[in-house]
$ cat data-v5.cif   # mmCIF, C-alpha atoms and all ligand atoms
data_my_file
#
loop_
_atom_site.group_PDB
_atom_site.id
_atom_site.type_symbol
_atom_site.label_atom_id
_atom_site.label_comp_id
_atom_site.auth_asym_id
_atom_site.auth_seq_id
_atom_site.Cartn_x
_atom_site.Cartn_y
_atom_site.Cartn_z
ATOM 1 C CA MET A 8 17.661 -6.189 5.296
ATOM 2 C CA LYS A 9 17.862 -3.269 2.874
ATOM 3 C CA ASP A 10 18.366 -3.585 -0.868
ATOM 4 C CA ALA A 11 20.715 -0.867 -2.161
ATOM 5 C CA GLN A 12 19.162 -1.168 -5.642
ATOM 6 C CA CYS A 13 15.610 -0.713 -4.364
ATOM 7 C CA ILE A 14 14.182 2.789 -4.687
ATOM 8 C CA PHE A 15 11.653 2.288 -1.874
ATOM 9 C CA CYS A 16 14.421 1.072 0.490
ATOM 10 C CA ARG A 17 16.291 4.256 -0.273
ATOM 11 C CA ILE A 18 13.229 6.471 0.136
ATOM 12 C CA ALA A 19 12.025 4.705 3.308
ATOM 13 C CA ASN A 20 15.445 5.136 4.913
ATOM 14 C CA GLY A 21 15.752 8.800 3.945
ATOM 15 C CA GLU A 22 18.552 8.402 1.362
ATOM 16 C CA ILE A 23 16.271 9.862 -1.295
ATOM 17 C CA PRO A 24 14.057 12.787 -0.251
ATOM 18 C CA SER A 25 10.320 12.204 -0.249
ATOM 19 C CA ARG A 26 7.137 13.976 0.783
ATOM 20 C CA THR A 27 6.800 12.202 4.104
ATOM 21 C CA VAL A 28 3.413 12.419 5.833
ATOM 22 C CA TYR A 29 4.293 10.074 8.721
ATOM 23 C CA GLU A 30 7.351 8.204 9.996
ATOM 24 C CA ASN A 31 8.148 5.878 12.892
ATOM 25 C CA GLU A 32 10.903 3.357 13.693
ATOM 26 C CA HIS A 33 9.812 0.777 11.117
ATOM 27 C CA PHE A 34 7.815 2.697 8.498
ATOM 28 C CA ARG A 35 7.729 5.819 6.380
ATOM 29 C CA VAL A 36 4.553 6.998 4.663
ATOM 30 C CA ILE A 37 5.126 9.138 1.564
ATOM 31 C CA LEU A 38 2.997 10.888 -1.022
ATOM 32 C CA ASP A 39 2.817 8.919 -4.271
ATOM 33 C CA ASN A 40 4.394 10.993 -7.045
ATOM 34 C CA SER A 41 1.749 9.922 -9.589
ATOM 35 C CA PRO A 42 -1.267 10.079 -7.303
ATOM 36 C CA ALA A 43 -4.736 8.803 -8.060
ATOM 37 C CA THR A 44 -6.139 11.580 -5.855
ATOM 38 C CA ASP A 45 -4.882 14.307 -3.527
ATOM 39 C CA GLY A 46 -3.210 12.623 -0.550
ATOM 40 C CA HIS A 47 -2.543 9.256 -2.279
ATOM 41 C CA ALA A 48 0.162 7.828 -0.020
ATOM 42 C CA LEU A 49 2.339 4.727 0.252
ATOM 43 C CA VAL A 50 3.098 2.939 3.528
ATOM 44 C CA LEU A 51 6.690 1.681 3.215
ATOM 45 C CA PRO A 52 8.516 -0.585 5.679
ATOM 46 C CA LYS A 53 12.137 0.483 6.179
ATOM 47 C CA GLU A 54 13.308 -3.111 5.655
ATOM 48 C CA HIS A 55 13.074 -4.750 2.242
ATOM 49 C CA TYR A 56 10.307 -7.314 1.712
ATOM 50 C CA ALA A 57 9.000 -7.690 -1.835
ATOM 51 C CA THR A 58 5.467 -8.895 -1.100
ATOM 52 C CA LEU A 59 2.947 -9.513 1.673
ATOM 53 C CA PRO A 60 3.683 -13.264 2.081
ATOM 54 C CA GLU A 61 7.310 -12.350 2.859
ATOM 55 C CA LEU A 62 6.448 -9.678 5.417
ATOM 56 C CA PRO A 63 6.844 -10.893 9.044
ATOM 57 C CA ALA A 64 3.459 -11.057 10.791
ATOM 58 C CA GLU A 65 4.425 -8.421 13.328
ATOM 59 C CA LEU A 66 5.315 -5.905 10.611
ATOM 60 C CA ALA A 67 2.136 -6.748 8.706
ATOM 61 C CA GLY A 68 0.145 -5.821 11.818
ATOM 62 C CA GLU A 69 2.154 -2.657 12.303
ATOM 63 C CA ALA A 70 1.636 -1.673 8.669
ATOM 64 C CA MET A 71 -2.129 -1.706 9.198
ATOM 65 C CA GLN A 72 -1.771 0.337 12.388
ATOM 66 C CA VAL A 73 0.257 2.906 10.461
ATOM 67 C CA ALA A 74 -2.366 2.974 7.698
ATOM 68 C CA ALA A 75 -5.083 3.535 10.320
ATOM 69 C CA LYS A 76 -3.121 6.405 11.856
ATOM 70 C CA VAL A 77 -2.700 8.142 8.505
ATOM 71 C CA ALA A 78 -6.360 7.482 7.665
ATOM 72 C CA ALA A 79 -7.357 9.276 10.884
ATOM 73 C CA MET A 80 -5.003 12.158 10.082
ATOM 74 C CA TYR A 81 -6.509 12.430 6.580
ATOM 75 C CA GLN A 82 -10.034 12.421 8.004
ATOM 76 C CA GLU A 83 -9.137 15.531 9.974
ATOM 77 C CA LYS A 84 -6.938 17.311 7.437
ATOM 78 C CA LEU A 85 -8.302 16.359 4.005
ATOM 79 C CA SER A 86 -11.918 15.408 4.865
ATOM 80 C CA PRO A 87 -12.220 12.771 2.121
ATOM 81 C CA ASP A 88 -15.584 11.164 1.376
ATOM 82 C CA GLY A 89 -14.000 7.696 1.414
ATOM 83 C CA LEU A 90 -10.705 5.832 1.413
ATOM 84 C CA ASN A 91 -9.322 2.829 -0.474
ATOM 85 C CA LEU A 92 -6.456 0.688 0.803
ATOM 86 C CA ILE A 93 -4.803 -1.213 -2.027
ATOM 87 C CA GLN A 94 -1.858 -3.560 -1.810
ATOM 88 C CA ASN A 95 -0.507 -5.168 -4.984
ATOM 89 C CA ASN A 96 1.669 -8.315 -4.919
ATOM 90 C CA GLY A 97 3.368 -9.502 -8.092
ATOM 91 C CA GLU A 98 3.312 -8.107 -11.604
ATOM 92 C CA THR A 99 0.100 -9.960 -12.438
ATOM 93 C CA ALA A 100 -1.567 -8.049 -9.627
ATOM 94 C CA GLY A 101 -0.178 -4.720 -10.850
ATOM 95 C CA GLN A 102 2.861 -4.408 -8.599
ATOM 96 C CA THR A 103 5.480 -2.235 -10.289
ATOM 97 C CA VAL A 104 7.831 -1.544 -7.365
ATOM 98 C CA HIS A 105 8.880 -4.793 -5.721
ATOM 99 C CA HIS A 106 9.132 -3.512 -2.170
ATOM 100 C CA PHE A 107 5.990 -4.123 -0.098
ATOM 101 C CA HIS A 108 3.715 -1.089 0.143
ATOM 102 C CA ILE A 109 0.130 -0.233 0.966
ATOM 103 C CA HIS A 110 -1.595 2.445 -1.101
ATOM 104 C CA LEU A 111 -3.853 4.788 0.855
ATOM 105 C CA ILE A 112 -6.115 6.525 -1.609
ATOM 106 C CA PRO A 113 -8.478 9.129 -0.201
ATOM 107 C CA ARG A 114 -11.647 9.360 -2.284
ATOM 108 C CA TYR A 115 -13.627 12.482 -3.071
ATOM 109 C CA LYS A 116 -17.126 12.607 -4.538
ATOM 110 C CA GLY A 117 -16.765 13.003 -8.298
ATOM 111 C CA ASP A 118 -13.031 12.130 -8.380
ATOM 112 C CA ARG A 119 -13.749 9.833 -11.364
ATOM 113 C CA GLN A 120 -11.102 7.296 -10.320
ATOM 114 C CA LEU A 121 -11.633 3.657 -11.310
ATOM 115 C CA ILE A 122 -10.607 1.258 -8.566
ATOM 116 C CA GLY A 123 -12.184 -2.159 -8.612
ATOM 117 C CA TRP A 124 -12.749 -5.410 -10.479
ATOM 118 C CA LYS A 125 -15.273 -7.092 -12.743
ATOM 119 C CA PRO A 126 -17.460 -9.334 -10.538
ATOM 120 C CA GLY A 127 -17.570 -12.987 -11.646
ATOM 121 C CA ALA A 128 -20.610 -15.280 -11.660
ATOM 122 C CA PRO A 129 -19.256 -18.758 -10.768
ATOM 123 C CA SER A 130 -21.498 -21.760 -10.095
ATOM 124 C CA ALA A 131 -21.912 -23.047 -6.522
ATOM 125 C CA GLU A 132 -19.865 -26.121 -7.593
ATOM 126 C CA HIS A 133 -17.020 -23.922 -8.734
ATOM 127 C CA LEU A 134 -17.034 -21.957 -5.445
ATOM 128 C CA ASP A 135 -17.118 -25.259 -3.514
ATOM 129 C CA GLY A 136 -14.149 -26.498 -5.570
ATOM 130 C CA VAL A 137 -12.148 -23.367 -4.791
ATOM 131 C CA LEU A 138 -12.936 -23.711 -1.102
ATOM 132 C CA ALA A 139 -11.849 -27.367 -1.171
ATOM 133 C CA ARG A 140 -8.530 -26.376 -2.786
ATOM 134 C CA ILE A 141 -7.927 -23.723 -0.134
ATOM 135 C CA LEU A 142 -8.844 -25.918 2.823
ATOM 136 C CA GLY A 143 -7.613 -29.251 1.430
HETATM 137 P P1 LIG B 1 2.492 -0.521 -7.379
HETATM 138 O O1 LIG B 1 2.003 -0.451 -8.804
HETATM 139 O O2 LIG B 1 1.473 -1.039 -6.414
HETATM 140 O O3 LIG B 1 3.826 -1.223 -7.286
HETATM 141 O O4 LIG B 1 2.682 0.997 -6.940
HETATM 142 C C1 LIG B 1 3.867 1.702 -7.084
HETATM 143 C C2 LIG B 1 3.544 3.147 -6.836
HETATM 144 O O5 LIG B 1 4.729 3.820 -6.522
HETATM 145 C C3 LIG B 1 2.924 3.878 -8.039
HETATM 146 O O6 LIG B 1 1.661 4.433 -7.650
HETATM 147 C C4 LIG B 1 3.948 4.969 -8.363
HETATM 148 O O7 LIG B 1 3.327 6.173 -8.750
HETATM 149 C C5 LIG B 1 4.667 5.121 -7.044
HETATM 150 N N1 LIG B 1 6.048 5.568 -7.136
HETATM 151 C C6 LIG B 1 7.046 5.038 -7.877
HETATM 152 N N2 LIG B 1 8.206 5.689 -7.674
HETATM 153 C C7 LIG B 1 7.936 6.662 -6.748
HETATM 154 C C8 LIG B 1 8.721 7.677 -6.134
HETATM 155 N N3 LIG B 1 10.018 7.829 -6.414
HETATM 156 N N4 LIG B 1 8.107 8.494 -5.243
HETATM 157 C C9 LIG B 1 6.794 8.351 -4.964
HETATM 158 N N5 LIG B 1 6.009 7.402 -5.509
HETATM 159 C C10 LIG B 1 6.557 6.577 -6.401
HETATM 160 ZN ZN ZN B 2 13.288 -2.279 -0.835
#

$ encode --input "data-v5.cif" --output "structure tokens"
Amino acid sequence: MKDAQCIFCRIANGEIPSRTVYENEHFRVILDNSPATDGHALVLPKEHYATLPELPAELAGEAMQVAAKVAAMYQEKLSPDGLNLIQNNGETAGQTVHHFHIHLIPRYKGDRQLIGWKPGAPSAEHLDGVLARILG
């Protein structure tokens, strides 16, 4: 299903022009227009799914294959020193466009980008409690 109001549906399906670095039957990969670094790209499925839990398993697998293909292309063409894959789900997690996408962010020594989190220091009991909730 496509959502006519969704900008990423329209970009993924070629209704709005984009800087496309890769395309196949189910996905389009475009350059982010406010990139963290040179080559920052977004892997977009052509069908509308808002978040990862909604994405069919087969497409989730394909999305990672597409990301790997672009990562290999970047290795050859942009020679980054590293690469982050980031995938935000929900506003709390920083998602601003509610059409599933994977960010591919090539990293260059000295790029001064901040991508990460503040590590916690939970007790063993707390970690055990979390595990019990997940497995229970
Ligand atoms: P997120 O915060 O994970 O939802 O990421 C959305 C990303 O989409 C941001 O990095 C935006 O810069 C990018 N973005 C939004 N609109 C466009 C657009 N029309 N073309 C390219 N990138 C876009
Ligand atoms: Zn969409």

$ closest_atom_pairs --input "data-v5.cif" --of "chain A" --to "ligand ZN 2 (chain B)" --cutoff "10 Å" --atoms "only C-alpha atoms and all ligand atoms" --output "JSON lines"
{"residue": "A:Met8", "atom": "CA", "partner": "B:ZN2", "partner_atom": "ZN", "distance": 8.5}
{"residue": "A:Lys9", "atom": "CA", "partner": "B:ZN2", "partner_atom": "ZN", "distance": 6.0}
{"residue": "A:Asp10", "atom": "CA", "partner": "B:ZN2", "partner_atom": "ZN", "distance": 5.2}
{"residue": "A:Ala11", "atom": "CA", "partner": "B:ZN2", "partner_atom": "ZN", "distance": 7.7}
{"residue": "A:Gln12", "atom": "CA", "partner": "B:ZN2", "partner_atom": "ZN", "distance": 7.7}
{"residue": "A:Cys13", "atom": "CA", "partner": "B:ZN2", "partner_atom": "ZN", "distance": 4.5}
{"residue": "A:Ile14", "atom": "CA", "partner": "B:ZN2", "partner_atom": "ZN", "distance": 6.4}
{"residue": "A:Phe15", "atom": "CA", "partner": "B:ZN2", "partner_atom": "ZN", "distance": 5.0}
{"residue": "A:Cys16", "atom": "CA", "partner": "B:ZN2", "partner_atom": "ZN", "distance": 3.8}
{"residue": "A:Arg17", "atom": "CA", "partner": "B:ZN2", "partner_atom": "ZN", "distance": 7.2}
{"residue": "A:Ile18", "atom": "CA", "partner": "B:ZN2", "partner_atom": "ZN", "distance": 8.8}
{"residue": "A:Ala19", "atom": "CA", "partner": "B:ZN2", "partner_atom": "ZN", "distance": 8.2}
{"residue": "A:Asn20", "atom": "CA", "partner": "B:ZN2", "partner_atom": "ZN", "distance": 9.6}
{"residue": "A:Leu51", "atom": "CA", "partner": "B:ZN2", "partner_atom": "ZN", "distance": 8.7}
{"residue": "A:Pro52", "atom": "CA", "partner": "B:ZN2", "partner_atom": "ZN", "distance": 8.3}
{"residue": "A:Lys53", "atom": "CA", "partner": "B:ZN2", "partner_atom": "ZN", "distance": 7.6}
{"residue": "A:Glu54", "atom": "CA", "partner": "B:ZN2", "partner_atom": "ZN", "distance": 6.5}
{"residue": "A:His55", "atom": "CA", "partner": "B:ZN2", "partner_atom": "ZN", "distance": 4.0}
{"residue": "A:Tyr56", "atom": "CA", "partner": "B:ZN2", "partner_atom": "ZN", "distance": 6.4}
{"residue": "A:Ala57", "atom": "CA", "partner": "B:ZN2", "partner_atom": "ZN", "distance": 7.0}
{"residue": "A:Val104", "atom": "CA", "partner": "B:ZN2", "partner_atom": "ZN", "distance": 8.5}
{"residue": "A:His105", "atom": "CA", "partner": "B:ZN2", "partner_atom": "ZN", "distance": 7.0}
{"residue": "A:His106", "atom": "CA", "partner": "B:ZN2", "partner_atom": "ZN", "distance": 4.5}
{"residue": "A:Phe107", "atom": "CA", "partner": "B:ZN2", "partner_atom": "ZN", "distance": 7.6}
{"residue": "A:His108", "atom": "CA", "partner": "B:ZN2", "partner_atom": "ZN", "distance": 9.7}

$ atom_distance --input "data-v5.cif" --atom1 "atom CA of A:Asn31" --atom2 "atom CA of A:Asn95"
22.7 Å

$ closest_atom_pairs --input "data-v5.cif" --of "chain A" --to "ligand LIG 1 (chain B)" --cutoff "9 Å" --atoms "only C-alpha atoms and all ligand atoms" --output "JSON lines"
{"residue": "A:Ile14", "atom": "CA", "partner": "B:LIG1", "partner_atom": "N3", "distance": 6.8}
{"residue": "A:Phe15", "atom": "CA", "partner": "B:LIG1", "partner_atom": "N3", "distance": 7.3}
{"residue": "A:Ile18", "atom": "CA", "partner": "B:LIG1", "partner_atom": "N3", "distance": 7.4}
{"residue": "A:Ile23", "atom": "CA", "partner": "B:LIG1", "partner_atom": "N3", "distance": 8.3}
{"residue": "A:Pro24", "atom": "CA", "partner": "B:LIG1", "partner_atom": "N4", "distance": 8.9}
{"residue": "A:Ser25", "atom": "CA", "partner": "B:LIG1", "partner_atom": "N4", "distance": 6.6}
{"residue": "A:Arg26", "atom": "CA", "partner": "B:LIG1", "partner_atom": "C9", "distance": 8.0}
{"residue": "A:Ile37", "atom": "CA", "partner": "B:LIG1", "partner_atom": "C9", "distance": 6.8}
{"residue": "A:Leu38", "atom": "CA", "partner": "B:LIG1", "partner_atom": "C9", "distance": 6.0}
{"residue": "A:Asp39", "atom": "CA", "partner": "B:LIG1", "partner_atom": "N5", "distance": 3.7}
{"residue": "A:Asn40", "atom": "CA", "partner": "B:LIG1", "partner_atom": "C9", "distance": 4.1}
{"residue": "A:Ser41", "atom": "CA", "partner": "B:LIG1", "partner_atom": "O7", "distance": 4.2}
{"residue": "A:Pro42", "atom": "CA", "partner": "B:LIG1", "partner_atom": "O7", "distance": 6.2}
{"residue": "A:Ala43", "atom": "CA", "partner": "B:LIG1", "partner_atom": "O6", "distance": 7.8}
{"residue": "A:His47", "atom": "CA", "partner": "B:LIG1", "partner_atom": "O6", "distance": 8.4}
{"residue": "A:Ala48", "atom": "CA", "partner": "B:LIG1", "partner_atom": "N5", "distance": 8.0}
{"residue": "A:Leu49", "atom": "CA", "partner": "B:LIG1", "partner_atom": "O5", "distance": 7.2}
{"residue": "A:Ile93", "atom": "CA", "partner": "B:LIG1", "partner_atom": "O2", "distance": 7.7}
{"residue": "A:Gln94", "atom": "CA", "partner": "B:LIG1", "partner_atom": "O2", "distance": 6.2}
{"residue": "A:Asn95", "atom": "CA", "partner": "B:LIG1", "partner_atom": "O2", "distance": 4.8}
{"residue": "A:Asn96", "atom": "CA", "partner": "B:LIG1", "partner_atom": "O2", "distance": 7.4}
{"residue": "A:Gly97", "atom": "CA", "partner": "B:LIG1", "partner_atom": "O3", "distance": 8.3}
{"residue": "A:Glu98", "atom": "CA", "partner": "B:LIG1", "partner_atom": "O3", "distance": 8.1}
{"residue": "A:Ala100", "atom": "CA", "partner": "B:LIG1", "partner_atom": "O2", "distance": 8.3}
{"residue": "A:Gly101", "atom": "CA", "partner": "B:LIG1", "partner_atom": "O1", "distance": 5.2}
{"residue": "A:Gln102", "atom": "CA", "partner": "B:LIG1", "partner_atom": "O3", "distance": 3.6}
{"residue": "A:Thr103", "atom": "CA", "partner": "B:LIG1", "partner_atom": "O3", "distance": 3.6}
{"residue": "A:Val104", "atom": "CA", "partner": "B:LIG1", "partner_atom": "O3", "distance": 4.0}
{"residue": "A:His105", "atom": "CA", "partner": "B:LIG1", "partner_atom": "O3", "distance": 6.4}
{"residue": "A:His106", "atom": "CA", "partner": "B:LIG1", "partner_atom": "O3", "distance": 7.7}
{"residue": "A:Phe107", "atom": "CA", "partner": "B:LIG1", "partner_atom": "O3", "distance": 8.0}
{"residue": "A:His108", "atom": "CA", "partner": "B:LIG1", "partner_atom": "O2", "distance": 6.9}
{"residue": "A:Ile109", "atom": "CA", "partner": "B:LIG1", "partner_atom": "O2", "distance": 7.5}
{"residue": "A:His110", "atom": "CA", "partner": "B:LIG1", "partner_atom": "O2", "distance": 7.1}

$ residues_around --input "data-v5.cif" --residues "stretch 118-130 of chain A" --least-positions-apart "4" --cutoff "8 Å" --atoms "only C-alpha atoms" --output "PyMOL selection string"
chain A and resi 43-44+114+134

$ write_last_selection --input "data-v5.cif" --atoms "C-alpha atoms" --output "short mmCIF file (atom, residue, chain, number, x, y, z; two decimals), in the frame of the given file"
data_model
loop_
_atom_site.label_atom_id
_atom_site.label_comp_id
_atom_site.auth_asym_id
_atom_site.auth_seq_id
_atom_site.Cartn_x
_atom_site.Cartn_y
_atom_site.Cartn_z
CA ALA A 43 -4.74 8.80 -8.06
CA THR A 44 -6.14 11.58 -5.86
CA ARG A 114 -11.65 9.36 -2.28
CA LEU A 134 -17.03 -21.96 -5.44
#

$ atom_distance --input "data-v5.cif" --atom1 "atom CA of A:Leu142" --atom2 "atom CA of A:Ala67"
22.9 Å

$ atom_distance --input "data-v5.cif" --atom1 "atom CA of A:Lys76" --atom2 "atom CA of A:Arg35"
12.2 Å

$ closest_residue --input "data-v5.cif" --among "A:Gly117, A:Pro63, A:Gly68, A:Gly143" --to "A:Gly89" --atoms "only C-alpha atoms"
A:Gly117

$ residues_around --input "data-v5.cif" --residues "stretch 72-74 of chain A" --least-positions-apart "5" --cutoff "8 Å" --atoms "all atoms listed in the file" --output "ChimeraX atom specification"
/A:34,50,109,111

$ decode --input "data-v5.cif" --residues "stretch 90-113 of chain A" --atoms "N, CA, C and O atoms" --output "tab-separated table (two decimals), in the first residue's frame"
chain	number	residue	atom	x	y	z
A	90	LEU	N	30.99	3.36	9.15
A	90	LEU	CA	29.61	3.50	8.66
A	90	LEU	C	28.65	3.20	9.81
A	90	LEU	O	28.80	2.20	10.50
A	91	ASN	N	27.69	4.09	10.01
A	91	ASN	CA	26.60	3.81	10.97
A	91	ASN	C	25.33	3.51	10.22
A	91	ASN	O	25.00	4.20	9.24
A	92	LEU	N	24.60	2.48	10.68
A	92	LEU	CA	23.22	2.25	10.23
A	92	LEU	C	22.34	2.66	11.40
A	92	LEU	O	22.54	2.18	12.51
A	93	ILE	N	21.36	3.51	11.12
A	93	ILE	CA	20.47	3.97	12.18
A	93	ILE	C	19.04	3.84	11.68
A	93	ILE	O	18.77	4.11	10.50
A	94	GLN	N	18.15	3.43	12.56
A	94	GLN	CA	16.78	3.20	12.12
A	94	GLN	C	15.86	3.60	13.27
A	94	GLN	O	15.78	2.91	14.28
A	95	ASN	N	15.20	4.74	13.13
A	95	ASN	CA	14.38	5.29	14.21
A	95	ASN	C	12.92	4.87	14.06
A	95	ASN	O	12.38	4.92	12.95
A	96	ASN	N	12.30	4.48	15.16
A	96	ASN	CA	10.88	4.07	15.15
A	96	ASN	C	10.14	4.84	16.24
A	96	ASN	O	10.40	4.63	17.42
A	97	GLY	N	9.22	5.70	15.82
A	97	GLY	CA	8.43	6.46	16.78
A	97	GLY	C	9.11	7.77	17.14
A	97	GLY	O	10.34	7.88	17.10
A	98	GLU	N	8.26	8.75	17.49
A	98	GLU	CA	8.79	10.09	17.78
A	98	GLU	C	9.75	10.07	18.95
A	98	GLU	O	10.77	10.78	18.95
A	99	THR	N	9.48	9.23	19.95
A	99	THR	CA	10.36	9.16	21.12
A	99	THR	C	11.76	8.73	20.72
A	99	THR	O	12.75	9.13	21.35
A	100	ALA	N	11.83	7.94	19.67
A	100	ALA	CA	13.13	7.45	19.18
A	100	ALA	C	13.71	8.37	18.10
A	100	ALA	O	14.74	8.04	17.51
A	101	GLY	N	13.06	9.50	17.86
A	101	GLY	CA	13.62	10.47	16.91
A	101	GLY	C	13.10	10.36	15.50
A	101	GLY	O	13.61	11.03	14.60
A	102	GLN	N	12.07	9.52	15.29
A	102	GLN	CA	11.54	9.39	13.92
A	102	GLN	C	10.72	10.64	13.58
A	102	GLN	O	9.81	11.01	14.32
A	103	THR	N	11.05	11.26	12.47
A	103	THR	CA	10.32	12.46	12.04
A	103	THR	C	9.49	12.21	10.79
A	103	THR	O	8.52	12.91	10.55
A	104	VAL	N	9.90	11.24	9.98
A	104	VAL	CA	9.10	10.87	8.80
A	104	VAL	C	8.60	9.45	9.04
A	104	VAL	O	9.39	8.51	9.20
A	105	HIS	N	7.27	9.32	9.07
A	105	HIS	CA	6.68	8.05	9.53
A	105	HIS	C	6.44	7.08	8.39
A	105	HIS	O	5.33	6.61	8.16
A	106	HIS	N	7.52	6.83	7.69
A	106	HIS	CA	7.61	5.81	6.63
A	106	HIS	C	8.95	5.14	6.91
A	106	HIS	O	10.00	5.82	6.92
A	107	PHE	N	8.94	3.85	7.15
A	107	PHE	CA	10.15	3.12	7.53
A	107	PHE	C	11.35	3.53	6.67
A	107	PHE	O	11.24	3.62	5.45
A	108	HIS	N	12.48	3.74	7.30
A	108	HIS	CA	13.72	4.00	6.55
A	108	HIS	C	14.92	3.64	7.40
A	108	HIS	O	14.88	3.72	8.62
A	109	ILE	N	15.97	3.25	6.71
A	109	ILE	CA	17.26	3.01	7.38
A	109	ILE	C	18.21	4.12	6.94
A	109	ILE	O	18.36	4.38	5.74
A	110	HIS	N	18.84	4.77	7.91
A	110	HIS	CA	19.89	5.75	7.60
A	110	HIS	C	21.21	5.01	7.41
A	110	HIS	O	21.59	4.17	8.25
A	111	LEU	N	21.89	5.33	6.32
A	111	LEU	CA	23.28	4.85	6.14
A	111	LEU	C	24.15	6.09	6.25
A	111	LEU	O	24.02	7.01	5.42
A	112	ILE	N	24.99	6.12	7.25
A	112	ILE	CA	25.79	7.32	7.47
A	112	ILE	C	27.27	6.97	7.41
A	112	ILE	O	27.83	6.41	8.36
A	113	PRO	N	27.91	7.26	6.27
A	113	PRO	CA	29.34	7.00	6.19
A	113	PRO	C	30.07	7.91	7.19
A	113	PRO	O	29.65	9.06	7.38
